[in-house]
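First comes the structure, then the notes that go with it.
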Amino acid sequence: MYQTKAVVLEQPEHLVLSQLTLDEAGEADVVVDIDWSGISTGTERLLWSGRMPAFPGMGYPLVPGYESVGTVRDAGNTSGLSVGDKVFVPGAKCFGDVRGLFGGAAQRVVLPGVRALRIAPEFGENGVLLALAATAFHVTSGNAALQPDLIIGHGVLGRVLARIAVLSGASPVVWETNAERRLGGEGYEVIDPATDSRRNYKSICDVSGDSNILDTLISRMAMGGEVVLAGFYDEPMSFTFPPAFMREARIRVAAQWQPADLIAVKNLAESGQLSLDGLITHRFLADDADNAYRTAFSDPRCLKMILDWRTT
């Protein structure tokens with residue numbers, strides 16, 4: 001059996017790097033040596049802080065992470081992959097009694113070959129961004145007519161949403177309250193919401209995770225408009241009915257990306273149509289994982305933090 005070092009959340013706000021024994025790989029599985037893994041400031045922040053709502057597989061201790069890139073070390077005969085392939089890994093459940101939620105923050109993982117997506121080696125560390133890109137793509141499935149004209153939040157997810165919208169011919173506006181994060185718009189406008197008086201947005205996509213934002217967004221909506229909730233919310237959400245009634249408002253939840261979304265954004269990125277450059281801002285060695293997680297969750301200048309496992 002293979003061994004691995006892995007990030008383990010033993011309890012909220014207590015993270016260690018532990019040596020774990022991996023489950024045995026079968027004929028349909030691959031063993032992947034991870035090069036880089038990303039830290040999510042949405043779901044992983046909730047896991048780290050202990051504020052994650054009841055969720056299938058939830059509990060401590062757990063190995064977080066669903067944004068990893070690595071190299072196939074061993075491939076089962078029916079895995080569909082070969083030794084040496086570069087792959088994107090959307091997490092793994094291979095750590096025995098330690099929960100894999102989502103199980104990608106490890107030096108080595110075992111997972112079914114059908115869940116590992118072969119990618120071009122040229123992706124490098126940018127490969128960790130494919131999950132967020134697939135999440136953004138899932139909001140509209142690439143439909144030009146459904147692209148948002150207002151996006152709330154200019155983090156990584158908001159930026160990829162805006163880039164996909166521009167690629168589809170739209171001209172979105174992005175709201176961002178943090179002045180430093182208003183930098184970096186590529187083909188779209190990023191503004192302080194306090195300066196925006198517009199009240200006819202047809203499609204508003206929220207990635208802020210703010211559970212109290214619905215009334216604000218509904219007040220900016222055109223008749224028959226839609227709010228898409230694409231963040232992750234740890235508190236119940238509500239809205240005042242009369243303004244929503246007057247606008248005949250629609251509210252839609254964009255759930256987790258599907259395999260087709262992941263393949264679509266991989267193809268867009270490999271073809272050069274969708275740029276993922278400039279989104280990774282911070283890099284820590286995996287041995288310094290505790291500081292990496294704390295920095296990712298506390299430094300507003302950090303868009304995407306990645307852990308480097310290559311020398312661990």
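Numbering starts fresh at 1 for the residues of each chain in the structure tokens, the chains themselves are lettered A, B, ... in the order given, and ligands are numbered from 1 as they appear.
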
Residues of stretch 16-104 of chain A at most 6 Å from stretch 290-308 of chain A: nearest atom pair and distance in Å, only C-alpha atoms, as a tab-separated table:
```
residue	atom	partner	partner_atom	distance
A:Trp36	CA	A:Asp308	CA	4.8
A:Ser37	CA	A:Leu307	CA	5.3
A:Gly38	CA	A:Ile306	CA	4.3
A:Ile39	CA	A:Met305	CA	5.6
```

Using DSSP on the backbone coordinates, identify all residues within stretch 167-237 of chain A classified as strand (DSSP E or B); present the result as a list in words. Val173, Val174, Trp175, Glu189, Val190, Ile191, Tyr201, Lys202, Ser203, Ile204, Cys205, Asp206, Met221, Ala222, Met223, Gly224, Gly225, Glu226, Val227, Val228 and Leu229 of chain A

Among stretch 91-302 of chain A, which residues does DSSP mark as alpha helix (DSSP H) when it is run on the backbone? Keep the chain and numbering as in the structure and answer as a ChimeraX atom specification. /A:130-140,156-167,214-218,241-247,259-270,289-298

Can you check which parts of stretch 234-280 of chain A lie within 12 Å of stretch 123-144 of chain A? Per residue, the shortest pair of atoms and distance in Å to one decimal, counting only C-alpha atoms, sorted by chain and number, as CSV.
```
residue,atom,partner,partner_atom,distance
A:Arg252,CA,A:Val139,CA,9.6
A:Val253,CA,A:Val139,CA,8.7
A:Ala254,CA,A:Val139,CA,5.6
A:Ala255,CA,A:His138,CA,8.0
A:Gln256,CA,A:Thr135,CA,6.5
A:Trp257,CA,A:Thr135,CA,5.0
A:Gln258,CA,A:His138,CA,7.4
A:Pro259,CA,A:Ala134,CA,8.5
A:Ala260,CA,A:Ala134,CA,8.6
A:Asp261,CA,A:Ala134,CA,5.1
A:Leu262,CA,A:Ala134,CA,4.8
A:Ile263,CA,A:Ala134,CA,8.1
A:Ala264,CA,A:Ala134,CA,7.7
A:Val265,CA,A:Ala134,CA,6.0
A:Lys266,CA,A:Leu130,CA,6.9
A:Asn267,CA,A:Leu130,CA,10.5
A:Leu268,CA,A:Ala133,CA,10.1
A:Ala269,CA,A:Phe123,CA,8.6
A:Glu270,CA,A:Phe123,CA,7.9
A:Ser271,CA,A:Phe123,CA,11.3
A:Gly272,CA,A:Phe123,CA,10.9
A:Leu274,CA,A:Ala133,CA,9.4
A:Ser275,CA,A:Asn126,CA,9.7
A:Leu276,CA,A:Asn126,CA,6.5
A:Asp277,CA,A:Asn126,CA,7.2
A:Gly278,CA,A:Asn126,CA,9.3
A:Leu279,CA,A:Leu129,CA,8.3
A:Ile280,CA,A:Asn126,CA,7.5
```

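Here the question is which of A:Ala230, A:Ala25, A:Ile152, A:Val166 gets nearest to A:Arg73 using only C-alpha atoms, and that residue is A:Ala25.
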
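Nearest-residue note for A:Tyr2: choosing from A:Gln19, A:Thr281, A:Asn200, A:Thr240, the minimum distance belongs to A:Gln19, counting only C-alpha atoms.
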
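With distances restricted to only C-alpha atoms, A:Ala105 is the closest residue to A:Val69 from A:Leu81, A:Ala105, A:Ala54, A:Leu46.
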
Restricting the calculation to only C-alpha atoms: of A:Glu67, A:Asp74, A:Glu248, A:Glu235, which residue gets closest to A:Met223?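 Distance minimum relative to A:Met223 lands on A:Glu248.
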